[in-house]
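Asker: Below is the file coords.cif, which contains mmCIF, C-alpha atoms.
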data_protein
loop_
_atom_site.label_atom_id
_atom_site.label_comp_id
_atom_site.auth_asym_id
_atom_site.auth_seq_id
_atom_site.Cartn_x
_atom_site.Cartn_y
_atom_site.Cartn_z
CA MET A 18 0.00 0.00 0.00
CA GLU A 19 1.24 3.47 -0.88
CA PRO A 20 4.41 2.22 -2.60
CA LYS A 21 5.64 5.79 -3.26
CA GLN A 22 7.00 4.53 -6.56
CA LYS A 23 5.93 5.25 -10.11
CA LYS A 24 3.75 2.64 -11.76
CA LYS A 25 6.35 2.07 -14.48
CA PHE A 26 8.56 0.32 -11.89
CA LEU A 27 5.87 -2.24 -11.01
CA ASP A 28 7.23 -4.96 -13.28
CA LYS A 29 10.76 -4.35 -12.04
CA TYR A 30 9.69 -5.10 -8.47
CA ARG A 31 7.71 -8.11 -9.66
CA ARG A 32 10.88 -9.61 -11.12
CA ARG A 33 12.92 -8.84 -8.02
CA LEU A 34 10.30 -10.48 -5.81
CA GLY A 35 10.11 -13.48 -8.10
CA MET A 36 6.36 -13.21 -8.63
CA GLU A 37 4.37 -14.40 -11.63
CA ALA A 38 2.11 -11.35 -11.95
CA ALA A 39 1.62 -7.84 -10.56
CA ILE A 40 -1.17 -5.27 -10.84
CA SER A 41 -1.99 -1.85 -9.39
CA ASN A 42 -5.22 0.06 -8.90
CA VAL A 43 -6.29 3.05 -10.98
CA ASN A 44 -4.19 5.62 -9.09
CA ALA A 45 -1.25 3.23 -8.44
CA LYS A 46 -1.64 3.52 -4.65
CA ILE A 47 -2.19 -0.23 -4.24
CA TRP A 48 0.26 -2.77 -5.67
CA LEU A 49 -0.47 -6.50 -5.61
CA PHE A 50 1.94 -9.33 -6.46
CA PHE A 51 0.90 -12.92 -7.20
CA ASP A 52 2.73 -16.24 -7.13
CA SER A 53 2.32 -18.66 -10.02
CA VAL A 54 0.13 -20.99 -7.92
CA VAL A 55 -2.50 -18.28 -7.30
CA GLU A 56 -5.56 -18.06 -9.55
CA TRP A 57 -7.34 -14.70 -9.37
CA ASP A 58 -9.89 -12.47 -11.09
CA LEU A 59 -10.04 -8.69 -10.58
CA LEU A 60 -13.63 -7.63 -9.87
CA ILE A 61 -13.46 -4.02 -8.58
CA ASP A 62 -10.77 -1.36 -9.10
CA THR A 63 -11.18 2.10 -7.53
CA GLU A 64 -8.90 4.74 -6.05
CA GLN A 65 -9.44 3.35 -2.54
CA GLN A 66 -9.72 -0.40 -2.98
CA MET A 67 -9.19 -3.45 -5.19
CA THR A 68 -11.42 -6.49 -4.86
CA MET A 69 -10.64 -9.86 -6.40
CA ARG A 70 -11.80 -13.43 -6.31
CA VAL A 71 -8.96 -15.82 -5.46
CA TYR A 72 -9.07 -19.59 -5.88
CA HIS A 73 -7.48 -21.56 -3.01
CA GLN A 74 -6.09 -24.65 -4.73
CA ASP A 75 -5.48 -26.71 -1.59
CA LEU A 76 -9.02 -26.18 -0.29
CA GLY A 77 -10.74 -26.05 -3.67
CA LYS A 78 -12.63 -22.89 -2.64
CA TYR A 79 -12.99 -19.30 -3.81
CA ILE A 80 -12.18 -16.38 -1.48
CA MET A 81 -13.07 -12.71 -1.89
CA MET A 82 -10.20 -10.39 -0.98
CA THR A 83 -10.38 -6.59 -0.79
CA PHE A 84 -7.21 -4.52 -0.43
CA VAL A 85 -7.72 -0.99 0.92
CA TYR A 86 -5.86 2.30 0.83
CA ALA A 87 -8.39 4.80 2.19
CA LYS A 88 -8.37 8.54 1.63
CA CYS A 89 -7.25 10.87 4.41
CA SER A 90 -10.50 12.82 4.19
CA ALA A 91 -13.47 11.44 6.19
CA LEU A 92 -15.84 12.72 3.49
CA GLU A 93 -13.95 10.90 0.71
CA ARG A 94 -13.86 7.71 2.79
CA LEU A 95 -17.68 7.57 2.72
CA GLU A 96 -17.47 6.27 -0.85
CA LEU A 97 -15.23 3.43 0.35
CA TRP A 98 -17.61 2.50 3.19
CA ASP A 99 -20.54 2.42 0.73
CA ASN A 100 -18.58 0.16 -1.64
CA LEU A 101 -17.68 -2.26 1.14
CA TYR A 102 -21.28 -2.39 2.34
CA TYR A 103 -22.57 -3.04 -1.19
CA LEU A 104 -19.99 -5.81 -1.63
CA ALA A 105 -20.93 -7.49 1.66
CA SER A 106 -24.70 -7.24 1.13
CA ASP A 107 -24.86 -10.45 -0.94
CA MET A 108 -21.54 -11.99 0.09
CA GLU A 109 -21.64 -15.77 0.56
CA LEU A 110 -17.97 -16.57 -0.02
CA PRO A 111 -15.27 -16.30 2.65
CA GLY A 112 -14.16 -12.66 2.58
CA LEU A 113 -11.21 -10.59 3.76
CA VAL A 114 -10.74 -6.81 3.83
CA GLY A 115 -7.32 -5.44 4.74
CA GLY A 116 -4.97 -2.52 4.32
CA ASP A 117 -4.55 1.10 5.39
CA PHE A 118 -7.94 2.52 6.44
CA ASN A 119 -6.45 5.89 7.51
CA VAL A 120 -8.74 6.01 10.57
CA VAL A 121 -8.76 4.42 14.02
CA LEU A 122 -11.63 2.42 15.50
CA GLY A 123 -11.44 3.88 19.00
CA GLU A 124 -9.68 6.25 21.38
CA GLU A 125 -7.32 3.50 22.59
CA GLU A 126 -5.85 3.19 19.07
CA LYS A 127 -4.12 6.58 19.18
CA ILE A 128 -1.43 8.15 21.39
CA GLY A 129 -0.39 11.79 21.13
CA GLY A 130 -1.81 14.70 19.18
CA LEU A 131 -5.37 15.91 19.57
CA PRO A 132 -7.92 13.70 21.39
CA VAL A 133 -9.97 11.30 19.27
CA HIS A 134 -13.68 12.11 19.07
CA PRO A 135 -16.34 9.50 18.15
CA PRO A 136 -17.46 11.33 14.96
CA GLU A 137 -13.97 10.68 13.54
CA TYR A 138 -14.45 6.91 13.51
CA GLU A 139 -18.20 6.31 13.81
CA ASP A 140 -18.69 5.88 10.03
CA PHE A 141 -15.89 3.31 9.91
CA ALA A 142 -17.25 1.42 12.93
CA PHE A 143 -20.76 1.40 11.42
CA CYS A 144 -19.38 0.04 8.14
CA VAL A 145 -17.50 -2.77 9.92
CA ASN A 146 -20.57 -3.82 11.90
CA SER A 147 -22.96 -3.52 8.94
CA CYS A 148 -20.69 -5.68 6.75
CA GLY A 149 -20.47 -8.40 9.39
CA LEU A 150 -16.69 -8.05 9.61
CA PHE A 151 -14.49 -9.02 12.55
CA ASP A 152 -11.11 -7.60 13.56
CA LEU A 153 -8.60 -10.44 13.83
CA GLY A 154 -6.57 -8.67 16.48
CA TYR A 155 -2.78 -8.70 16.30
CA LYS A 156 0.54 -9.69 17.79
CA GLY A 157 3.30 -7.15 18.33
CA SER A 158 3.10 -3.39 18.77
CA PRO A 159 -0.45 -2.00 19.18
CA PHE A 160 0.22 0.77 16.66
CA THR A 161 0.97 0.50 12.95
CA TRP A 162 1.72 4.15 12.09
CA TRP A 163 4.05 6.80 13.54
CA ASN A 164 4.37 10.40 12.36
CA GLY A 165 8.16 10.27 12.70
CA ARG A 166 8.41 13.03 15.29
CA PRO A 167 9.81 12.80 18.84
CA ASN A 168 8.69 14.03 22.26
CA GLU A 169 5.42 15.98 22.52
CA GLU A 170 4.96 16.03 18.72
CA CYS A 171 4.97 12.23 18.51
CA ILE A 172 1.76 10.48 17.37
CA PHE A 173 1.05 6.74 17.15
CA LYS A 174 -2.05 5.24 15.51
CA ARG A 175 -3.41 1.88 14.48
CA LEU A 176 -4.43 2.63 10.90
CA ASP A 177 -3.72 -0.75 9.28
CA ARG A 178 -5.76 -3.86 10.01
CA ILE A 179 -7.28 -7.03 8.54
CA LEU A 180 -11.01 -7.73 8.82
CA VAL A 181 -12.77 -10.99 7.86
CA ASN A 182 -16.33 -12.27 7.67
CA MET A 183 -17.69 -15.32 9.48
CA PRO A 184 -17.22 -17.81 6.58
CA PHE A 185 -13.56 -16.81 6.35
CA GLN A 186 -13.10 -17.20 10.10
CA SER A 187 -14.71 -20.65 9.96
CA LEU A 188 -12.48 -21.68 7.06
CA PHE A 189 -9.30 -20.54 8.83
CA PRO A 190 -9.95 -20.81 12.60
CA THR A 191 -6.27 -20.44 13.54
CA ILE A 192 -5.56 -17.32 11.49
CA GLU A 193 -3.14 -14.81 13.04
CA VAL A 194 -2.01 -11.26 12.21
CA GLU A 195 1.31 -9.80 13.32
CA HIS A 196 2.45 -6.17 13.24
CA LEU A 197 6.03 -6.36 11.96
CA SER A 198 8.80 -3.87 12.67
CA ARG A 199 8.65 -0.49 10.93
CA THR A 200 11.82 -0.51 8.82
CA GLY A 201 12.19 2.25 6.22
CA SER A 202 8.51 3.25 6.46
CA ASP A 203 6.09 5.06 8.75
CA HIS A 204 3.72 2.07 8.54
CA ALA A 205 4.25 -1.39 10.04
CA PRO A 206 3.74 -4.27 7.56
CA LEU A 207 1.03 -6.79 8.44
CA LEU A 208 1.82 -10.51 8.28
CA MET A 209 -1.19 -12.85 8.14
CA SER A 210 -0.75 -16.61 8.55
CA CYS A 211 -3.45 -19.25 8.03
CA GLY A 212 -3.32 -22.84 9.23
CA GLU A 213 -1.28 -22.64 12.42
CA GLU A 214 -0.32 -26.30 12.73
CA ALA A 215 0.73 -26.67 9.08
CA MET A 216 2.65 -23.41 9.28
CA LYS A 217 4.47 -24.47 12.46
CA PHE A 218 5.43 -27.78 10.85
CA LYS A 219 6.81 -26.07 7.75
CA LEU A 220 8.68 -23.49 9.81
CA LYS A 221 10.15 -26.23 11.99
CA ARG A 222 11.53 -28.07 8.96
CA VAL A 223 12.95 -24.88 7.49
CA LYS A 224 14.47 -23.91 10.83
CA ILE A 225 16.26 -27.28 11.13
CA ALA A 226 17.63 -27.06 7.58
CA LEU A 227 18.76 -23.46 7.94
CA SER A 228 20.37 -24.20 11.28
CA LYS A 229 22.50 -26.98 9.77
CA TRP A 230 23.55 -24.85 6.79
CA SER A 231 24.32 -21.90 9.06
CA LYS A 232 26.53 -23.89 11.43
CA LEU A 233 28.43 -25.61 8.62
CA THR A 234 29.06 -22.57 6.46
CA TYR A 235 28.20 -19.18 7.90
CA GLY A 236 27.94 -19.65 11.65
CA ASP A 237 24.86 -18.18 13.35
CA ILE A 238 23.51 -15.66 10.81
CA PHE A 239 19.89 -16.62 11.36
CA LYS A 240 20.25 -16.57 15.13
CA GLN A 241 21.79 -13.11 14.98
CA LEU A 242 19.03 -11.94 12.64
CA ALA A 243 16.33 -13.19 15.01
CA ILE A 244 18.04 -11.46 17.93
CA ARG A 245 18.15 -8.14 16.10
CA GLU A 246 14.49 -8.45 15.10
CA ASP A 247 13.63 -8.90 18.78
CA VAL A 248 15.84 -5.93 19.69
CA VAL A 249 14.01 -3.71 17.18
CA ARG A 250 10.63 -4.75 18.62
CA ILE A 251 11.79 -3.93 22.14
CA LYS A 252 13.24 -0.56 21.08
CA GLU A 253 9.96 0.26 19.31
CA MET A 254 8.01 -0.46 22.49
CA LEU A 255 10.39 1.66 24.56
CA PHE A 256 10.12 4.53 22.09
CA GLU A 257 6.32 4.31 22.09
CA GLU A 258 6.35 4.55 25.89
CA ASP A 259 8.88 7.41 25.92
CA PRO A 260 9.27 9.05 22.45
CA SER A 261 12.38 11.02 23.35
CA ILE A 262 15.18 11.94 20.97
CA GLU A 263 17.51 9.54 22.80
CA ASN A 264 15.12 6.60 22.38
CA ARG A 265 14.60 7.55 18.75
CA ILE A 266 18.36 7.40 18.11
CA VAL A 267 18.58 4.02 19.85
CA LEU A 268 15.69 2.71 17.72
CA GLN A 269 17.28 3.94 14.50
CA GLN A 270 20.57 2.26 15.46
CA ALA A 271 18.75 -1.02 16.10
CA GLN A 272 16.95 -0.73 12.75
CA ALA A 273 20.26 -0.07 10.98
CA GLU A 274 21.77 -3.17 12.57
CA LEU A 275 18.74 -5.21 11.46
CA LYS A 276 19.12 -3.95 7.88
CA LYS A 277 22.76 -5.01 7.98
CA TYR A 278 21.91 -8.59 8.90
CA LEU A 279 19.07 -8.71 6.37
CA SER A 280 21.67 -7.82 3.74
CA ILE A 281 23.98 -10.56 5.05
CA GLU A 282 21.13 -13.06 4.85
CA GLU A 283 20.43 -12.04 1.27
CA GLN A 284 24.10 -12.51 0.36
CA TYR A 285 23.94 -15.94 2.02
CA TRP A 286 21.19 -17.07 -0.34
CA LYS A 287 22.94 -15.50 -3.29
CA GLN A 288 26.07 -17.57 -2.67
CA LYS A 289 24.08 -20.72 -1.94
CA ALA A 290 22.02 -20.51 -5.11
CA GLY A 291 24.98 -19.47 -7.24
CA MET A 292 22.84 -17.39 -9.62
CA THR A 293 24.40 -14.64 -11.67
CA TRP A 294 20.98 -13.12 -12.31
CA PHE A 295 20.22 -12.68 -8.61
CA GLU A 296 20.38 -8.89 -8.62
CA GLU A 297 17.72 -8.47 -11.32
CA GLY A 298 15.84 -11.72 -10.70
CA ASP A 299 14.37 -13.45 -7.65
CA ARG A 300 15.59 -12.17 -4.29
CA ASN A 301 15.54 -14.68 -1.47
CA THR A 302 12.61 -16.64 -2.97
CA ARG A 303 11.41 -20.22 -3.10
CA PHE A 304 13.19 -20.72 -6.43
CA SER A 305 16.55 -19.95 -4.84
CA HIS A 306 15.84 -22.40 -2.04
CA ASN A 307 14.79 -25.10 -4.51
CA CYS A 308 18.02 -24.65 -6.49
CA VAL A 309 20.04 -25.24 -3.34
CA ASN A 310 17.97 -28.31 -2.47
CA GLY A 311 18.32 -29.59 -6.02
CA LYS A 312 22.13 -29.46 -5.81
CA ARG A 313 22.03 -31.31 -2.50
CA GLN A 314 19.76 -34.00 -4.01
CA LYS A 315 22.32 -34.64 -6.75
CA LEU A 316 25.00 -35.26 -4.10
CA GLN A 317 22.97 -37.89 -2.22
CA LEU A 318 24.02 -41.56 -2.35
CA LYS A 319 21.14 -43.51 -3.93
CA ARG A 320 22.65 -47.01 -4.29
CA ILE A 321 25.94 -48.90 -3.94
CA GLN A 322 27.40 -52.04 -5.56
CA ASN A 323 28.73 -54.75 -3.24
CA SER A 324 31.60 -57.18 -3.80
CA ASP A 325 29.50 -59.74 -5.73
CA GLY A 326 28.33 -57.11 -8.23
CA SER A 327 24.73 -56.70 -7.00
CA TRP A 328 23.24 -53.29 -6.25
CA ILE A 329 22.00 -52.30 -2.79
CA GLU A 330 19.19 -49.68 -2.73
CA ASP A 331 17.57 -50.27 0.68
CA GLN A 332 18.46 -47.23 2.85
CA ASP A 333 19.32 -49.23 6.00
CA LYS A 334 21.47 -51.74 4.12
CA LEU A 335 22.94 -48.91 2.09
CA SER A 336 24.15 -47.16 5.25
CA GLU A 337 25.72 -50.37 6.59
CA ALA A 338 27.46 -51.05 3.28
CA ALA A 339 28.78 -47.51 3.08
CA VAL A 340 30.23 -47.70 6.59
CA GLU A 341 31.84 -51.05 5.84
CA PHE A 342 33.31 -49.69 2.60
CA PHE A 343 34.91 -46.65 4.21
CA GLN A 344 36.26 -48.74 7.10
CA LYS A 345 38.14 -50.85 4.60
#
Could you spell out this file's structure in structure tokens?
Answerer:
Amino acid sequence: MEPKQKKKFLDKYRRRLGMEAAISNVNAKIWLFFDSVVEWDLLIDTEQQMTMRVYHQDLGKYIMMTFVYAKCSALERLELWDNLYYLASDMELPGLVGGDFNVVLGEEEKIGGLPVHPPEYEDFAFCVNSCGLFDLGYKGSPFTWWNGRPNEECIFKRLDRILVNMPFQSLFPTIEVEHLSRTGSDHAPLLMSCGEEAMKFKLKRVKIALSKWSKLTYGDIFKQLAIREDVVRIKEMLFEEDPSIENRIVLQQAQAELKKYLSIEEQYWKQKAGMTWFEEGDRNTRFSHNCVNGKRQKLQLKRIQNSDGSWIEDQDKLSEAAVEFFQK
């Protein structure tokens, strides 16, 4: 949302992200990138939202997804609320609405600046209730936007959120939303994960593999990266509690250190994949990982020939034969 880039660079970022397709809305304030496994149809395209129907291949179901970048003016946002209400009036599919709504839902979602009055968010709250949408909550910092100023001029708000209808919540009962660290932006990215158990299993396998590669080749890059991500979260919380110049400097230093290790991680995958096109092609994507795994598959021992000329392919017998061979 709000890429602050010209639309002509959309395809460039698509290539760098390793995505199959990319589109933007009519005023280029919303950019969407799609993997090759995603089937989608664009249904609505306005200055404040894009709505599409996405086919979930694993579940064999269609899902309606609306991506929002609301206007700063309350009067202009009325058009968005009307569109969302019209869309939800005959909605039977699982539906999701997410993005930057440019308005809070209550007084507790803002710190600093002028007090929040109910008329500022009543239209938004009425729209959410009328559409039968539910806020998924969040993990991490309670605020997603910061005006970038310290001390008494500092303002924090929760402007970004993800809302779902009841069919969507029933389809994905373990869905979670996390407010990530603000790095290089005044907004915090939102990370949504569906299918908690499957996700934990996948992450566990990836963690084991990365841990082995890290120890053998590059030491503890991923451990150091995780530590610095935690440090940035802590510094953000401290700055939100006391937005002084000193705490702002400490936060910026922590963010700079995190960027450094993100760059190291990217170089790690570049060297592992061994791709000369890395700079203009996929950056840290599934394709790079698969190339590494493919090279490792080629190095695996599939079978061995014993002394009488017969081939051994059973994995248990293969291990015993290999040990016996190297002992000799």
Asker: Name the closest residue to Met67 (chain A) among the candidates A:Tyr86, A:Tyr138, A:Phe118, A:Trp286; distances are taken between atoms, counting all atoms listed in the file.
Answerer: A:Tyr86
Asker: So which residues get picked by the PyMOL selection byres ((chain A and resi 210) around 7) here, written as JSON, numbers by chain?
Answerer: {"A": [192, 193, 194, 208, 209, 211, 212]}
Asker: Hey, which of A:Leu59, A:Val249, A:Glu282, A:His134 ends up closest to Gly157 (chain A)? Count all atoms listed in the file.
Answerer: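 Once distances to Gly157 (chain A) are computed over all atoms listed in the file, the minimum belongs to A:Val249.
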Asker: Got a sec: who's within 9 Å of Glu246 (chain A), counting all atoms listed in the file, leaving out chain neighbours fewer than 5 positions off, as an MDAnalysis selection string?
Answerer: chainID A and resid 198 241 251 271:272 275
Asker: Tell me which of A:Asn42, A:Gln22, A:Asn100, A:Asn146 sits closest to Val181 (chain A), counting all atoms listed in the file.
Answerer: A:Asn146
Asker: Just the number, please: distance in Å from CA of Gly129 (chain A) to CA of Pro167 (chain A), one decimal.
Answerer: 10.5 Å
Asker: For the structure provided, state which residues fall under the PyMOL selection byres ((chain A and resi 52) around 8), and present them as a list in words.
Answerer: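 The output of the PyMOL selection byres ((chain A and resi 52) around 8) on this file is Gly35, Met36, Glu37, Ala38, Phe50, Phe51, Ser53, Val54 and Val55 of chain A.
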Asker: Which residues, written as a ChimeraX atom specification, have at least one atom at most 7 Å from Gln65 (chain A), with all atoms listed in the file counted and residues fewer than 6 positions away on the same chain left out?
Answerer: /A:85-88,97
Asker: Give the padded box for region 246-256 of chain A as JSON: axis-aligned, covering all atoms listed in the file, 5 Å on each side, centre and edge lengths in Å to one decimal.
Answerer:
{"center_x": 11.9, "center_y": -2.2, "center_z": 19.8, "size_x": 17.8, "size_y": 23.4, "size_z": 19.5}
Asker: Using only C-alpha atoms, which protein or nucleic acid residues come within 12 Å of Phe151 (chain A)? Drop anything in the same chain fewer than 6 positions from it, and give the result as a VMD selection string.
Answerer: chain A and resid 112 to 115 142 144 to 145 178 to 187
Asker: Please check which residues have atoms at most 9 Å from (-15.9, -9.4, -10.6) in the file's coordinates, counting all atoms listed in the file, and write them as a list of chain:residue names.
Answerer: A:Asp58, A:Leu59, A:Leu60, A:Ile61, A:Thr68, A:Met69, A:Arg70
Asker: Between A:Asn168, A:Ser202, A:Gln284, A:Asn119, which residue has the minimum interatomic distance to Asn264 (chain A), considering only C-alpha atoms?
Answerer: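 The answer is A:Asn168, which sits nearest to Asn264 (chain A).
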Asker: Which residues are close to Ser158 (chain A), i.e. within 10 Å by all atoms listed in the file, leaving aside same-chain residues fewer than 3 positions away? Reply as a ChimeraX atom specification.
Answerer: /A:155,161,175,195-198,205,250-251,253-254,257
Asker: Any chance you could work out the residue set of the PyMOL selection byres ((chain A and resi 75) around 12) here, as a ChimeraX atom specification?
Answerer: /A:54-56,72-74,76-79,212
Asker: In terms of the shortest atom-to-atom distance over only C-alpha atoms, which of A:Phe173, A:Phe84, A:Phe189, A:Trp163 is closest to Glu125 (chain A)?
Answerer: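 The shortest atom-to-atom distance to Glu125 (chain A) comes from A:Phe173.
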Asker: What is the distance between CA of Glu137 (chain A) and CA of Asp177 (chain A), in Å to one decimal?
Answerer: 15.9 Å
Asker: Enter the distance from CA of Ser261 (chain A) to CA of Lys127 (chain A), in Å, rounded to one decimal.
Answerer: 17.6 Å
Asker: Using all atoms listed in the file, can you tell me which of A:Ile47, A:Leu279, A:Val71, A:Leu207 comes closest to Ala243 (chain A)?
Answerer: A:Leu279
